[in-house]
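Written out below as structure tokens is the structure these notes cover.
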Amino acid sequence: MSEKLSFVSPTANSPWGTYLSQVDRVVPYLGPLARWVETLKRPKRALIVDVPIEMDDGTIAHFEGYRVQHNMSRGPGKGGVRFHPDVTLEEVMALSAWMTIKTAAVNLPYGGAKGGIRVDPKKLSLQELEKITRRYTSEIGIIIGPHTDIPAPDVNTNGQIMAWMMDTYSMNVGGTATGVVTGKPLHLGGSLGRVKATGRGVFVTGREAARRLGMDLRGARIAVQGFGNVGSVAAELFAEAGAKIVAVQDHTGTIVNTNGLDLAQLIPVANKEGVVAFKSGGDIVPNEDFWNVACDILIPAALEGQITAERAQKTTAKLVLEGANGPTVPQADDILAERGVLVVPDVICNAGGVTVSYFEWVQDFSSFFWDEDEINVRLDRIMMNALNQIWDTADKHKITLRTATYAVACERILMARQERGLYP
Ligand code: NAD
């Protein structure tokens, strides 16, 4: 009977389908807790909202928005908001579920949630962007809050958008609720280190994985897909450690330089116009050629489903660091494992962002702010402890790091579920 429900029957090749098959793989390692696993296969709550705004030309435009709370067994929902023309409810369901796994994997006292609006923000004026953000926040205001569900930035959203979200929620409740979102600007209760935290986490986990593989970062060749908040910061940190960034792809195209791209010059150009505007710094090649570029480390840091079976066969990388959420489809995961390519999965690799979001939330509640060194030391410690525990689990059961991360995380989530019991 339940087969027809959208929560349990994913469309073909969808991120939600990828997530469900990742959960299926962990069941043999859950022991008696496996009786609760169905909880992880359905979101707790999903809200679809209409977001109407008056455009600058006087027309009224309607956009579809979502907020999904996947699981709150261990604490309030936590997860970003994505503005992208291809966002769907099913995609947001998957992203919210990955947040549940991620917050548990690094042992933060949160569940998982995610939101999105089906819009191309690059086509909006600043005023329209503010209106859409505020109306969306007001519509999802019935389910978010500092103790219930705390949004943050994701693709195409940033500190300014978080400031508008915080202000809108605050106006509606009649106070200043800094703890309702994270990733805010510094003078609005934001945290030092938050902007770079996800990229830093990719670097910290990647450096440890490289060490365990016996790979020297000095001179290591790295290809990065997605050159926004996550990809550009990770690239910078690896370059500082002596690696060469040999290929970068973003929504405008792909640039390759086998001697290493000059990031100090590339980043400002990419931020303004996209990587292909940096023609003088390398060769512009067809997008599919990105996957053939000779490299040691591949960092997908754009969108889901990018490492397909075919691309997994092609890559010369020995190490894949998943900066993006859900970049590898399950079939590609198997191919990479067979080919001996180590994958540090999204649910640990990109957990640096939510970890510093947690620090921001704690600082907002205590109204006491830490310096950046303290934040980075705590971030590195949490990421390393989590990674080491996952590595031990992988070694013990002879499973991939992804399945090991799910094993560690699902045990925490389902134990909490079992201890709380079912209401009523
Ligand atoms: P962003 O908006 O800052 O950057 C996204 C980048 O991806 C841009 O360079 C864009 O040009 C590129 N891109 C978009 N479509 C593309 C395509 N079809 N092909 C190639 N490149 C494309 O977003 P971000 O915050 O860096 O997020 C990137 C990924 O990291 C997403 O999967 C996101 O969910 C994940 N993530 C982000 C955070 C965070 O703190 N921002 C935390 C965890 C995970």
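Note on naming: chains are A, B, ... as they come in the structure tokens, residues start from 1 per chain, ligands start from 1 in the order shown.
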
Report as number ranges by chain which protein, DNA and RNA residues come within 7 Å of ligand 1, using only C-alpha atoms and all ligand atoms. A: 153-157, 197-198, 225-231, 249-252, 274, 301-304, 323-325, 350-351, 353-354

Can I get the selected residues back with N, CA and C atoms, as a short mmCIF file (atom, residue, chain, number, x, y, z; two decimals), in the first residue's frame?
```
data_model
loop_
_atom_site.label_atom_id
_atom_site.label_comp_id
_atom_site.auth_asym_id
_atom_site.auth_seq_id
_atom_site.Cartn_x
_atom_site.Cartn_y
_atom_site.Cartn_z
N PRO A 153 23.26 28.83 5.35
CA PRO A 153 23.48 28.98 3.90
C PRO A 153 23.74 27.64 3.20
N ASP A 154 23.39 27.59 1.93
CA ASP A 154 23.75 26.47 1.04
C ASP A 154 23.97 27.10 -0.34
N VAL A 155 23.75 26.34 -1.39
CA VAL A 155 24.04 26.85 -2.74
C VAL A 155 23.24 28.14 -3.00
N ASN A 156 23.96 29.17 -3.43
CA ASN A 156 23.39 30.47 -3.79
C ASN A 156 22.76 31.24 -2.63
N THR A 157 23.04 30.88 -1.40
CA THR A 157 22.60 31.70 -0.27
C THR A 157 23.83 32.05 0.57
N ALA A 197 34.46 27.40 7.10
CA ALA A 197 34.45 26.15 7.88
C ALA A 197 34.26 24.89 7.04
N THR A 198 33.37 24.94 6.04
CA THR A 198 33.13 23.72 5.27
C THR A 198 34.38 23.35 4.46
N GLN A 225 35.43 20.54 -8.69
CA GLN A 225 34.20 20.91 -9.38
C GLN A 225 33.33 21.73 -8.44
N GLY A 226 32.99 22.96 -8.84
CA GLY A 226 32.22 23.85 -7.95
C GLY A 226 33.23 24.74 -7.26
N PHE A 227 33.14 26.04 -7.54
CA PHE A 227 34.18 26.94 -7.02
C PHE A 227 33.52 28.06 -6.23
N GLY A 228 32.55 27.69 -5.40
CA GLY A 228 31.87 28.65 -4.54
C GLY A 228 32.47 28.60 -3.15
N ASN A 229 31.61 28.72 -2.17
CA ASN A 229 32.06 28.76 -0.77
C ASN A 229 32.92 27.54 -0.43
N VAL A 230 32.46 26.36 -0.77
CA VAL A 230 33.16 25.13 -0.35
C VAL A 230 34.40 24.88 -1.23
N GLY A 231 34.20 24.86 -2.55
CA GLY A 231 35.29 24.48 -3.47
C GLY A 231 36.46 25.43 -3.43
N GLN A 249 36.02 23.50 -12.32
CA GLN A 249 34.80 23.64 -13.12
C GLN A 249 33.74 24.35 -12.27
N ASP A 250 33.03 25.31 -12.90
CA ASP A 250 31.85 25.88 -12.24
C ASP A 250 30.72 25.93 -13.25
N HIS A 251 29.64 26.67 -12.94
CA HIS A 251 28.49 26.64 -13.85
C HIS A 251 28.79 27.30 -15.19
N THR A 252 29.92 28.05 -15.28
CA THR A 252 30.24 28.71 -16.55
C THR A 252 31.14 27.85 -17.44
N GLY A 274 32.70 33.96 -13.01
CA GLY A 274 32.83 32.53 -13.28
C GLY A 274 34.21 32.20 -13.80
N ALA A 301 32.43 19.71 -5.48
CA ALA A 301 31.91 20.70 -4.52
C ALA A 301 30.84 21.55 -5.19
N ALA A 302 29.99 20.89 -6.01
CA ALA A 302 28.91 21.62 -6.68
C ALA A 302 27.57 21.03 -6.27
N LEU A 303 27.05 20.11 -7.10
CA LEU A 303 25.69 19.60 -6.85
C LEU A 303 25.69 18.08 -6.74
N GLU A 304 24.49 17.49 -6.55
CA GLU A 304 24.37 16.04 -6.41
C GLU A 304 24.58 15.34 -7.75
N GLY A 323 33.03 17.41 -1.08
CA GLY A 323 32.64 18.70 -0.53
C GLY A 323 31.15 18.93 -0.71
N ALA A 324 30.62 18.52 -1.87
CA ALA A 324 29.18 18.65 -2.14
C ALA A 324 28.41 17.59 -1.37
N ASN A 325 27.11 17.78 -1.28
CA ASN A 325 26.24 16.75 -0.72
C ASN A 325 25.77 15.83 -1.85
N ASN A 350 32.16 17.16 4.50
CA ASN A 350 31.72 18.56 4.49
C ASN A 350 31.00 18.97 5.78
N ALA A 351 31.25 18.21 6.86
CA ALA A 351 30.57 18.50 8.13
C ALA A 351 31.17 19.68 8.88
N GLY A 353 31.06 22.79 8.10
CA GLY A 353 30.13 23.92 8.09
C GLY A 353 29.11 23.82 9.21
N VAL A 354 28.50 22.66 9.34
CA VAL A 354 27.48 22.52 10.39
C VAL A 354 28.12 22.52 11.77
#
```

Please list as an MDAnalysis selection string every residue within 10 Å of Gly305 (chain A), counting only C-alpha atoms and excluding residues in the same chain fewer than 6 positions away. chainID A and resid 13:15 18 324:330 332

Residues as selected, all heavy atoms, written as a PDB file, in the first residue's frame, can you do that?
```pdb
ATOM      1  N   ASN A  13      17.140   7.643 -10.370  1.00  0.00           N
ATOM      2  CA  ASN A  13      18.395   8.408 -10.257  1.00  0.00           C
ATOM      3  C   ASN A  13      18.272   9.681  -9.418  1.00  0.00           C
ATOM      4  O   ASN A  13      19.014  10.635  -9.629  1.00  0.00           O
ATOM      5  CB  ASN A  13      18.923   8.813 -11.646  1.00  0.00           C
ATOM      6  CG  ASN A  13      19.146   7.617 -12.513  1.00  0.00           C
ATOM      7  OD1 ASN A  13      19.620   6.580 -12.036  1.00  0.00           O
ATOM      8  ND2 ASN A  13      18.788   7.734 -13.783  1.00  0.00           N
ATOM      9  N   SER A  14      17.324   9.713  -8.510  1.00  0.00           N
ATOM     10  CA  SER A  14      17.159  10.940  -7.715  1.00  0.00           C
ATOM     11  C   SER A  14      18.053  10.890  -6.479  1.00  0.00           C
ATOM     12  O   SER A  14      18.434   9.810  -6.018  1.00  0.00           O
ATOM     13  CB  SER A  14      15.703  11.086  -7.277  1.00  0.00           C
ATOM     14  OG  SER A  14      15.412  10.117  -6.295  1.00  0.00           O
ATOM     15  N   PRO A  15      18.399  12.058  -5.919  1.00  0.00           N
ATOM     16  CA  PRO A  15      19.194  12.066  -4.680  1.00  0.00           C
ATOM     17  C   PRO A  15      18.498  11.308  -3.547  1.00  0.00           C
ATOM     18  O   PRO A  15      19.160  10.637  -2.752  1.00  0.00           O
ATOM     19  CB  PRO A  15      19.304  13.555  -4.342  1.00  0.00           C
ATOM     20  CG  PRO A  15      19.051  14.275  -5.607  1.00  0.00           C
ATOM     21  CD  PRO A  15      18.147  13.415  -6.435  1.00  0.00           C
ATOM     22  N   THR A  18      19.283   7.779  -3.990  1.00  0.00           N
ATOM     23  CA  THR A  18      20.670   7.544  -3.560  1.00  0.00           C
ATOM     24  C   THR A  18      20.720   7.398  -2.042  1.00  0.00           C
ATOM     25  O   THR A  18      21.319   6.457  -1.503  1.00  0.00           O
ATOM     26  CB  THR A  18      21.570   8.734  -3.997  1.00  0.00           C
ATOM     27  OG1 THR A  18      21.595   8.786  -5.414  1.00  0.00           O
ATOM     28  CG2 THR A  18      22.979   8.589  -3.468  1.00  0.00           C
ATOM     29  N   ALA A 324      30.622  18.521  -1.868  1.00  0.00           N
ATOM     30  CA  ALA A 324      29.185  18.649  -2.143  1.00  0.00           C
ATOM     31  C   ALA A 324      28.414  17.590  -1.367  1.00  0.00           C
ATOM     32  O   ALA A 324      28.988  16.596  -0.908  1.00  0.00           O
ATOM     33  CB  ALA A 324      28.922  18.482  -3.634  1.00  0.00           C
ATOM     34  N   ASN A 325      27.105  17.783  -1.282  1.00  0.00           N
ATOM     35  CA  ASN A 325      26.237  16.748  -0.721  1.00  0.00           C
ATOM     36  C   ASN A 325      25.775  15.832  -1.846  1.00  0.00           C
ATOM     37  O   ASN A 325      25.315  16.310  -2.892  1.00  0.00           O
ATOM     38  CB  ASN A 325      25.023  17.407  -0.066  1.00  0.00           C
ATOM     39  CG  ASN A 325      25.385  18.057   1.245  1.00  0.00           C
ATOM     40  OD1 ASN A 325      25.962  17.423   2.119  1.00  0.00           O
ATOM     41  ND2 ASN A 325      25.081  19.349   1.388  1.00  0.00           N
ATOM     42  N   GLY A 326      25.936  14.531  -1.631  1.00  0.00           N
ATOM     43  CA  GLY A 326      25.415  13.545  -2.584  1.00  0.00           C
ATOM     44  C   GLY A 326      26.009  13.589  -3.974  1.00  0.00           C
ATOM     45  O   GLY A 326      25.300  13.340  -4.956  1.00  0.00           O
ATOM     46  N   PRO A 327      27.317  13.869  -4.140  1.00  0.00           N
ATOM     47  CA  PRO A 327      27.852  13.986  -5.501  1.00  0.00           C
ATOM     48  C   PRO A 327      28.040  12.642  -6.210  1.00  0.00           C
ATOM     49  O   PRO A 327      28.164  12.614  -7.423  1.00  0.00           O
ATOM     50  CB  PRO A 327      29.215  14.661  -5.286  1.00  0.00           C
ATOM     51  CG  PRO A 327      29.625  14.239  -3.916  1.00  0.00           C
ATOM     52  CD  PRO A 327      28.348  14.142  -3.124  1.00  0.00           C
ATOM     53  N   THR A 328      28.068  11.526  -5.445  1.00  0.00           N
ATOM     54  CA  THR A 328      28.396  10.224  -6.050  1.00  0.00           C
ATOM     55  C   THR A 328      27.170   9.320  -6.050  1.00  0.00           C
ATOM     56  O   THR A 328      26.587   9.072  -4.983  1.00  0.00           O
ATOM     57  CB  THR A 328      29.535   9.556  -5.247  1.00  0.00           C
ATOM     58  OG1 THR A 328      30.593  10.510  -5.071  1.00  0.00           O
ATOM     59  CG2 THR A 328      30.080   8.331  -5.951  1.00  0.00           C
ATOM     60  N   VAL A 329      26.772   8.800  -7.215  1.00  0.00           N
ATOM     61  CA  VAL A 329      25.624   7.888  -7.255  1.00  0.00           C
ATOM     62  C   VAL A 329      26.092   6.507  -6.753  1.00  0.00           C
ATOM     63  O   VAL A 329      27.287   6.181  -6.839  1.00  0.00           O
ATOM     64  CB  VAL A 329      24.989   7.792  -8.660  1.00  0.00           C
ATOM     65  CG1 VAL A 329      24.579   9.178  -9.156  1.00  0.00           C
ATOM     66  CG2 VAL A 329      25.908   7.114  -9.658  1.00  0.00           C
ATOM     67  N   PRO A 330      25.173   5.669  -6.218  1.00  0.00           N
ATOM     68  CA  PRO A 330      25.595   4.405  -5.601  1.00  0.00           C
ATOM     69  C   PRO A 330      26.410   3.492  -6.537  1.00  0.00           C
ATOM     70  O   PRO A 330      27.385   2.875  -6.112  1.00  0.00           O
ATOM     71  CB  PRO A 330      24.264   3.749  -5.210  1.00  0.00           C
ATOM     72  CG  PRO A 330      23.333   4.896  -4.997  1.00  0.00           C
ATOM     73  CD  PRO A 330      23.743   5.942  -5.990  1.00  0.00           C
ATOM     74  N   ALA A 332      28.398   4.383  -8.931  1.00  0.00           N
ATOM     75  CA  ALA A 332      29.743   4.966  -9.028  1.00  0.00           C
ATOM     76  C   ALA A 332      30.544   4.684  -7.759  1.00  0.00           C
ATOM     77  O   ALA A 332      31.754   4.428  -7.815  1.00  0.00           O
ATOM     78  CB  ALA A 332      29.650   6.467  -9.268  1.00  0.00           C
TER      79      ALA A 332
END
```

Name all residues at most 9 Å from Ala241 (chain A) (count only C-alpha atoms; drop same-chain ones fewer than 4 positions away) and give them as a ChimeraX atom specification. /A:217-218,236-237

Saved selection, atoms kept: all heavy atoms, as a PDB file, in the first residue's frame:
```
ATOM      1  N   LEU A 217      50.974  15.733   0.028  1.00  0.00           N
ATOM      2  CA  LEU A 217      50.165  16.835  -0.512  1.00  0.00           C
ATOM      3  C   LEU A 217      51.007  17.802  -1.328  1.00  0.00           C
ATOM      4  O   LEU A 217      50.498  18.478  -2.218  1.00  0.00           O
ATOM      5  CB  LEU A 217      49.456  17.592   0.615  1.00  0.00           C
ATOM      6  CG  LEU A 217      48.224  16.910   1.217  1.00  0.00           C
ATOM      7  CD1 LEU A 217      47.574  17.835   2.246  1.00  0.00           C
ATOM      8  CD2 LEU A 217      47.201  16.532   0.155  1.00  0.00           C
ATOM      9  N   ARG A 218      52.315  17.845  -1.008  1.00  0.00           N
ATOM     10  CA  ARG A 218      53.170  18.755  -1.787  1.00  0.00           C
ATOM     11  C   ARG A 218      53.278  18.225  -3.214  1.00  0.00           C
ATOM     12  O   ARG A 218      53.743  17.095  -3.431  1.00  0.00           O
ATOM     13  CB  ARG A 218      54.553  18.884  -1.154  1.00  0.00           C
ATOM     14  CG  ARG A 218      54.544  19.846   0.038  1.00  0.00           C
ATOM     15  CD  ARG A 218      55.780  19.689   0.845  1.00  0.00           C
ATOM     16  NE  ARG A 218      55.935  18.278   1.233  1.00  0.00           N
ATOM     17  CZ  ARG A 218      56.975  17.773   1.866  1.00  0.00           C
ATOM     18  NH1 ARG A 218      57.979  18.544   2.178  1.00  0.00           N
ATOM     19  NH2 ARG A 218      57.032  16.499   2.194  1.00  0.00           N
ATOM     20  N   GLU A 236      42.052  26.642  -1.859  1.00  0.00           N
ATOM     21  CA  GLU A 236      43.052  27.553  -1.282  1.00  0.00           C
ATOM     22  C   GLU A 236      43.882  26.847  -0.207  1.00  0.00           C
ATOM     23  O   GLU A 236      45.109  26.990  -0.157  1.00  0.00           O
ATOM     24  CB  GLU A 236      42.335  28.724  -0.598  1.00  0.00           C
ATOM     25  CG  GLU A 236      42.273  29.977  -1.408  1.00  0.00           C
ATOM     26  CD  GLU A 236      41.622  31.111  -0.614  1.00  0.00           C
ATOM     27  OE1 GLU A 236      40.657  30.842   0.148  1.00  0.00           O
ATOM     28  OE2 GLU A 236      42.096  32.248  -0.757  1.00  0.00           O
ATOM     29  N   LEU A 237      43.196  26.103   0.674  1.00  0.00           N
ATOM     30  CA  LEU A 237      43.915  25.453   1.778  1.00  0.00           C
ATOM     31  C   LEU A 237      44.853  24.353   1.261  1.00  0.00           C
ATOM     32  O   LEU A 237      45.977  24.201   1.750  1.00  0.00           O
ATOM     33  CB  LEU A 237      42.922  24.894   2.807  1.00  0.00           C
ATOM     34  CG  LEU A 237      42.143  25.969   3.577  1.00  0.00           C
ATOM     35  CD1 LEU A 237      41.034  25.359   4.406  1.00  0.00           C
ATOM     36  CD2 LEU A 237      43.082  26.780   4.482  1.00  0.00           C
TER      37      LEU A 237
END
```

Mind checking which residues fall within 6 Å of Gly115 (chain A), counting only C-alpha atoms, ignoring those fewer than 2 positions away in the same chain, and posting them as a ChimeraX atom specification? /A:66-67,81

I'd like to know which of A:Asp50, A:Glu419, A:Glu374, A:Asp262 is closest to Arg74 (chain A), using only C-alpha atoms.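 For Arg74 (chain A), the nearest of the candidates is A:Glu419.
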